[in-house]
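S.K.: Data file work33.json (JSON, C-alpha atoms) is appended below.
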[["chain", "number", "residue", "atom", "x", "y", "z"],
["A", 1, "VAL", "CA", 40.77, 141.22, 106.85],
["A", 2, "ARG", "CA", 40.72, 141.58, 103.10],
["A", 3, "VAL", "CA", 42.52, 138.77, 101.37],
["A", 4, "GLN", "CA", 45.09, 140.07, 98.90],
["A", 5, "TYR", "CA", 45.75, 138.06, 95.77],
["A", 6, "CYS", "CA", 48.55, 135.58, 96.19],
["A", 7, "LYS", "CA", 49.53, 132.25, 94.75],
["A", 8, "LEU", "CA", 49.44, 129.17, 96.91],
["A", 9, "LEU", "CA", 50.72, 125.81, 95.84],
["A", 10, "LEU", "CA", 49.77, 122.47, 97.27],
["A", 11, "LEU", "CA", 52.42, 119.87, 96.58],
["A", 12, "GLN", "CA", 50.41, 116.73, 97.03],
["A", 13, "PHE", "CA", 52.60, 113.69, 97.53],
["A", 14, "GLY", "CA", 50.33, 110.85, 98.50],
["A", 15, "ILE", "CA", 46.86, 111.24, 99.91],
["A", 16, "SER", "CA", 47.96, 111.66, 103.51],
["A", 17, "ASN", "CA", 51.03, 113.86, 103.06],
["A", 18, "PRO", "CA", 50.39, 117.22, 101.38],
["A", 19, "THR", "CA", 52.56, 120.29, 101.98],
["A", 20, "LEU", "CA", 51.10, 123.79, 101.72],
["A", 21, "LEU", "CA", 53.23, 126.75, 100.64],
["A", 22, "LYS", "CA", 52.41, 130.39, 100.04],
["A", 23, "VAL", "CA", 54.23, 132.28, 97.29],
["A", 24, "ASP", "CA", 54.60, 136.08, 97.12],
["A", 25, "SER", "CA", 54.20, 136.30, 100.89],
["A", 26, "ASP", "CA", 55.63, 134.70, 104.00],
["A", 27, "PHE", "CA", 56.46, 131.01, 103.97],
["A", 28, "HIS", "CA", 53.93, 128.95, 105.94],
["A", 29, "PRO", "CA", 54.33, 125.18, 106.18],
["A", 30, "SER", "CA", 51.12, 123.36, 107.02],
["A", 31, "LYS", "CA", 50.83, 121.69, 110.42],
["A", 32, "MET", "CA", 49.07, 118.34, 110.39],
["A", 33, "ASP", "CA", 49.02, 115.41, 112.78],
["A", 34, "LEU", "CA", 49.66, 112.59, 110.37],
["A", 35, "PRO", "CA", 51.05, 109.07, 110.73],
["A", 36, "ASP", "CA", 54.65, 108.43, 109.74],
["A", 37, "ASP", "CA", 53.73, 105.27, 107.82],
["A", 38, "GLU", "CA", 55.00, 105.18, 104.27],
["A", 39, "PRO", "CA", 52.22, 105.78, 101.71],
["A", 40, "ASP", "CA", 51.33, 102.96, 99.30],
["A", 41, "ARG", "CA", 51.55, 105.36, 96.37],
["A", 42, "LEU", "CA", 53.45, 108.62, 96.10],
["A", 43, "SER", "CA", 52.51, 111.52, 93.84],
["A", 44, "ASN", "CA", 54.35, 114.11, 91.78],
["A", 45, "ARG", "CA", 51.29, 116.31, 91.26],
["A", 46, "THR", "CA", 51.29, 120.06, 91.87],
["A", 47, "LEU", "CA", 48.09, 122.00, 92.56],
["A", 48, "GLN", "CA", 47.72, 125.79, 92.62],
["A", 49, "TYR", "CA", 45.06, 127.57, 94.68],
["A", 50, "ASN", "CA", 43.85, 131.09, 93.87],
["A", 51, "PRO", "CA", 42.04, 132.41, 96.99],
["A", 52, "SER", "CA", 40.43, 135.33, 95.18],
["A", 53, "GLN", "CA", 38.64, 132.89, 92.88],
["A", 54, "ASP", "CA", 38.45, 130.02, 95.37],
["A", 55, "LYS", "CA", 39.74, 127.75, 92.64],
["A", 56, "TRP", "CA", 42.28, 124.94, 92.34],
["A", 57, "THR", "CA", 44.29, 124.37, 89.16],
["A", 58, "GLU", "CA", 46.60, 121.47, 88.38],
["A", 59, "CYS", "CA", 50.09, 122.56, 87.35],
["A", 60, "ALA", "CA", 53.15, 120.91, 85.85],
["A", 61, "PRO", "CA", 54.16, 117.71, 87.69],
["A", 62, "MET", "CA", 57.51, 117.18, 89.33],
["A", 63, "LYS", "CA", 60.11, 114.82, 87.93],
["A", 64, "TYR", "CA", 60.04, 112.67, 91.08],
["A", 65, "SER", "CA", 57.18, 111.25, 93.12],
["A", 66, "LYS", "CA", 58.22, 111.52, 96.75],
["A", 67, "TYR", "CA", 57.47, 112.30, 100.37],
["A", 68, "ARG", "CA", 59.42, 113.12, 103.53],
["A", 69, "PHE", "CA", 61.03, 116.01, 101.66],
["A", 70, "SER", "CA", 61.73, 119.58, 102.81],
["A", 71, "THR", "CA", 60.33, 122.72, 101.18],
["A", 72, "ALA", "CA", 60.99, 126.45, 101.18],
["A", 73, "VAL", "CA", 60.16, 129.53, 99.10],
["A", 74, "VAL", "CA", 63.14, 131.57, 97.87],
["A", 75, "ASN", "CA", 62.94, 134.47, 95.40],
["A", 76, "HIS", "CA", 59.31, 133.62, 94.56],
["A", 77, "GLU", "CA", 60.20, 130.04, 93.63],
["A", 78, "ILE", "CA", 59.48, 126.79, 95.46],
["A", 79, "TYR", "CA", 62.38, 124.51, 96.38],
["A", 80, "VAL", "CA", 61.64, 120.83, 97.09],
["A", 81, "LEU", "CA", 64.61, 119.07, 98.66],
["A", 82, "GLY", "CA", 65.50, 115.43, 99.17],
["A", 83, "GLY", "CA", 62.99, 112.88, 100.39],
["A", 84, "ILE", "CA", 62.17, 109.28, 99.54],
["A", 85, "GLY", "CA", 60.82, 108.65, 96.08],
["A", 86, "CYS", "CA", 61.04, 107.35, 92.56],
["A", 87, "LEU", "CA", 61.40, 108.77, 89.08],
["A", 88, "ASP", "CA", 58.19, 109.85, 87.32],
["A", 89, "ARG", "CA", 54.82, 108.53, 88.50],
["A", 90, "ASP", "CA", 54.77, 105.93, 91.27],
["A", 91, "ARG", "CA", 53.82, 102.62, 89.66],
["A", 92, "GLY", "CA", 55.29, 100.48, 92.40],
["A", 93, "GLN", "CA", 58.91, 100.80, 91.32],
["A", 94, "ALA", "CA", 61.74, 100.80, 93.87],
["A", 95, "ARG", "CA", 62.12, 103.93, 95.99],
["A", 96, "GLN", "CA", 65.36, 105.54, 97.03],
["A", 97, "CYS", "CA", 66.60, 108.31, 99.28],
["A", 98, "LEU", "CA", 67.19, 111.44, 97.24],
["A", 99, "ASP", "CA", 69.69, 114.28, 97.12],
["A", 100, "VAL", "CA", 67.60, 115.89, 94.38],
["A", 101, "VAL", "CA", 66.56, 119.56, 94.40],
["A", 102, "GLU", "CA", 63.55, 120.50, 92.26],
["A", 103, "ILE", "CA", 62.60, 124.16, 91.75],
["A", 104, "TYR", "CA", 59.16, 125.35, 90.66],
["A", 105, "ASN", "CA", 58.60, 128.68, 88.91],
["A", 106, "PRO", "CA", 54.91, 129.65, 89.32],
["A", 107, "ASP", "CA", 55.04, 132.32, 86.60],
["A", 108, "GLY", "CA", 56.23, 129.86, 83.95],
["A", 109, "ASN", "CA", 54.50, 126.80, 85.44],
["A", 110, "SER", "CA", 57.72, 124.85, 85.08],
["A", 111, "TRP", "CA", 60.12, 122.75, 87.14],
["A", 112, "ARG", "CA", 63.89, 122.69, 86.79],
["A", 113, "GLU", "CA", 66.67, 120.83, 88.56],
["A", 114, "GLY", "CA", 68.66, 122.64, 91.21],
["A", 115, "PRO", "CA", 72.13, 121.81, 92.55],
["A", 116, "PRO", "CA", 72.02, 118.39, 94.27],
["A", 117, "MET", "CA", 72.48, 118.42, 98.03],
["A", 118, "PRO", "CA", 75.82, 117.17, 99.39],
["A", 119, "TYR", "CA", 74.09, 113.93, 100.42],
["A", 120, "SER", "CA", 70.69, 112.24, 100.45],
["A", 121, "LEU", "CA", 68.49, 113.80, 103.11],
["A", 122, "LEU", "CA", 65.05, 113.03, 104.52],
["A", 123, "SER", "CA", 62.88, 115.29, 106.63],
["A", 124, "LEU", "CA", 62.67, 114.04, 110.21],
["A", 125, "ARG", "CA", 58.87, 113.98, 110.06],
["A", 126, "THR", "CA", 56.38, 113.47, 107.26],
["A", 127, "ASN", "CA", 54.40, 116.56, 108.27],
["A", 128, "SER", "CA", 57.18, 119.11, 108.67],
["A", 129, "THR", "CA", 60.07, 120.67, 106.80],
["A", 130, "CYS", "CA", 63.72, 121.06, 107.77],
["A", 131, "ALA", "CA", 64.26, 124.01, 105.42],
["A", 132, "GLY", "CA", 63.78, 127.77, 105.54],
["A", 133, "ALA", "CA", 64.87, 130.91, 103.70],
["A", 134, "VAL", "CA", 66.79, 133.87, 105.14],
["A", 135, "GLU", "CA", 67.86, 136.87, 103.06],
["A", 136, "GLY", "CA", 67.72, 135.03, 99.76],
["A", 137, "LYS", "CA", 69.60, 131.97, 100.96],
["A", 138, "LEU", "CA", 68.17, 128.56, 101.74],
["A", 139, "TYR", "CA", 69.03, 126.62, 104.89],
["A", 140, "VAL", "CA", 68.41, 122.95, 105.64],
["A", 141, "CYS", "CA", 68.74, 121.99, 109.30],
["A", 142, "GLY", "CA", 69.25, 118.37, 110.20],
["A", 143, "GLY", "CA", 67.47, 115.31, 108.88],
["A", 144, "PHE", "CA", 68.09, 111.64, 108.18],
["A", 145, "ARG", "CA", 71.27, 111.31, 106.14],
["A", 146, "GLY", "CA", 72.47, 108.45, 104.01],
["A", 147, "THR", "CA", 71.48, 106.08, 101.25],
["A", 148, "ALA", "CA", 69.58, 103.80, 103.62],
["A", 149, "ARG", "CA", 66.43, 105.11, 105.24],
["A", 150, "TYR", "CA", 66.87, 106.48, 108.75],
["A", 151, "GLU", "CA", 70.56, 105.57, 108.64],
["A", 152, "VAL", "CA", 72.04, 108.56, 110.48],
["A", 153, "ILE", "CA", 70.53, 111.66, 112.05],
["A", 154, "THR", "CA", 72.63, 114.68, 111.11],
["A", 155, "LYS", "CA", 72.74, 118.01, 112.92],
["A", 156, "GLU", "CA", 74.50, 119.84, 110.14],
["A", 157, "ILE", "CA", 73.13, 123.07, 108.71],
["A", 158, "LEU", "CA", 73.42, 123.30, 104.94],
["A", 159, "GLU", "CA", 73.34, 126.66, 103.16],
["A", 160, "LEU", "CA", 72.45, 127.14, 99.49],
["A", 161, "ASP", "CA", 73.31, 130.40, 97.81],
["A", 162, "THR", "CA", 70.59, 130.42, 95.16],
["A", 163, "TRP", "CA", 72.52, 132.82, 92.95],
["A", 164, "GLU", "CA", 75.76, 130.84, 93.05],
["A", 165, "ASN", "CA", 73.93, 127.47, 93.02],
["A", 166, "HIS", "CA", 76.42, 126.12, 95.52],
["A", 167, "TRP", "CA", 75.92, 124.28, 98.83],
["A", 168, "ASN", "CA", 78.01, 124.97, 101.94],
["A", 169, "VAL", "CA", 78.04, 123.26, 105.33],
["A", 170, "VAL", "CA", 77.83, 126.20, 107.76],
["A", 171, "ALA", "CA", 77.43, 124.23, 111.01],
["A", 172, "ILE", "CA", 78.38, 120.66, 111.87],
["A", 173, "LYS", "CA", 76.88, 120.03, 115.32],
["A", 174, "ALA", "CA", 74.14, 122.61, 115.64],
["A", 175, "LEU", "CA", 72.25, 122.65, 118.92],
["A", 176, "MET", "CA", 68.76, 121.34, 118.19],
["A", 177, "HIS", "CA", 65.77, 120.59, 120.37],
["A", 178, "ASP", "CA", 66.12, 116.83, 120.08],
["A", 179, "SER", "CA", 66.71, 114.19, 117.47],
["A", 180, "TYR", "CA", 63.24, 114.54, 115.97],
["A", 181, "ASP", "CA", 62.25, 118.19, 116.30],
["A", 182, "VAL", "CA", 64.63, 120.47, 114.43],
["A", 183, "CYS", "CA", 64.24, 124.17, 115.16],
["A", 184, "LEU", "CA", 64.90, 126.68, 112.38],
["A", 185, "VAL", "CA", 65.25, 130.26, 113.61],
["A", 186, "ALA", "CA", 63.44, 132.43, 111.06],
["A", 187, "GLN", "CA", 64.91, 135.75, 109.96],
["A", 188, "LEU", "CA", 68.23, 134.97, 111.62],
["A", 189, "ASN", "CA", 71.34, 133.90, 109.80],
["A", 190, "PRO", "CA", 72.68, 130.68, 111.42],
["A", 191, "ARG", "CA", 76.21, 132.06, 111.11],
["A", 192, "ASP", "CA", 75.29, 134.85, 113.51],
["A", 193, "LEU", "CA", 73.76, 132.67, 116.23],
["A", 194, "ILE", "CA", 75.12, 133.24, 119.74],
["A", 195, "PRO", "CA", 76.61, 130.05, 121.21],
["A", 196, "PRO", "CA", 74.24, 128.39, 123.73],
["A", 197, "PRO", "CA", 75.01, 128.27, 127.46],
["A", 198, "SER", "CA", 77.51, 125.61, 128.46],
["A", 199, "ASP", "CA", 74.90, 123.65, 130.44],
["A", 200, "LEU", "CA", 72.91, 123.14, 127.21],
["A", 201, "MET", "CA", 75.86, 121.99, 125.14],
["A", 202, "GLU", "CA", 76.11, 118.32, 124.32],
["A", 203, "GLN", "CA", 78.81, 116.56, 126.26]]
For the file at hand, write its structure as structure tokens.
M.R.:
Amino acid sequence: VRVQYCKLLLLQFGISNPTLLKVDSDFHPSKMDLPDDEPDRLSNRTLQYNPSQDKWTECAPMKYSKYRFSTAVVNHEIYVLGGIGCLDRDRGQARQCLDVVEIYNPDGNSWREGPPMPYSLLSLRTNSTCAGAVEGKLYVCGGFRGTARYEVITKEILELDTWENHWNVVAIKALMHDSYDVCLVAQLNPRDLIPPPSDLMEQ
């Protein structure tokens, strides 16, 4: 299969916790069996890979160093949502749970701030994302919610209209696989989901 030119970005936050995204094509989160231990040092570096040249290039850094965030590609831009981190480079300063949204534009090699999430939110696992894009809108499904780490597991589905820059809560108690593995149904609007059978509903 001939490889068509595309842009891939590796958001490398700590040595053991990179996230791989493909821009100008389908969104593909990387799948890695990694420990959930918190890294000693976080990173805000962004690397770009050009497969046609087999070459990596360092790009503009993010404002926050962080991990346990969620990621998605919407309208050819990369959204990095929430996580645990600190402002600027990690020099050992205190870390906090984040409601921050950072958006990367590959064409301009620049980051900008997006609308903050309704609350601080951490991905349930270090090696997976709770976010996905459907028809130009971004959805975040579940996660750890609160200012303290691992305070509350939420089963809400958040929707971001990227044109309006406004968050909505579109589901409060969404049926999910379990407390740790959140299932995002690709190419299907959560508002159109058929209710699950009664024997699968939480009592």
S.K.: Would you please work out which residue, of A:Leu121, A:Val74, A:Ile153, A:Val80, is nearest to Leu138 (chain A) when using all atoms listed in the file?
M.R.: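 Checking each of A:Leu121, A:Val74, A:Ile153, A:Val80 against Leu138 (chain A), counting all atoms listed in the file, the winner is A:Val74.
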S.K.: Write out as a VMD selection string each polymer residue whose atoms come within 12 Å of Tyr119 (chain A), counting all atoms listed in the file; drop sequence neighbours fewer than 5 positions from it.
M.R.: chain A and resid 81 to 83 97 to 101 140 142 to 148 152 154 156 158 167 to 169
S.K.: With distances taken over all atoms listed in the file, which residue among A:Asn50, A:Ser110, A:Asn105, A:Asn44 lies nearest Asp90 (chain A)?
M.R.: A:Asn44
S.K.: Set the distance at 8 Å and use only C-alpha atoms: which residues neighbour Thr71 (chain A) once local chain neighbours fewer than 5 positions away are removed? I'd like the list as a ChimeraX atom specification.
M.R.: /A:78-81,129-132
S.K.: Please, what distance in Å, to one decimal, runs between CA of Pro118 (chain A) and CA of Leu42 (chain A)?
M.R.: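 These atoms are spaced 24.2 Å apart.
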S.K.: Pick from A:Ser123, A:Ser52, A:Asn109, A:Asn75: nearest to Glu135 (chain A), with only C-alpha atoms counted?
M.R.: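 So, comparing all the options, the nearest one is A:Asn75.
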S.K.: If you count only C-alpha atoms, which residues fall within 9 Å of Tyr139 (chain A), apart from same-chain ones fewer than 2 positions away, as an MDAnalysis selection string?
M.R.: chainID A and resid 72 130:134 137 141 157:160 184 190
S.K.: What does the structure give for the distance between CA of Gly108 (chain A) and CA of Arg41 (chain A), in Å to one decimal?
M.R.: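 Here the two named atoms are 27.9 Å from each other.
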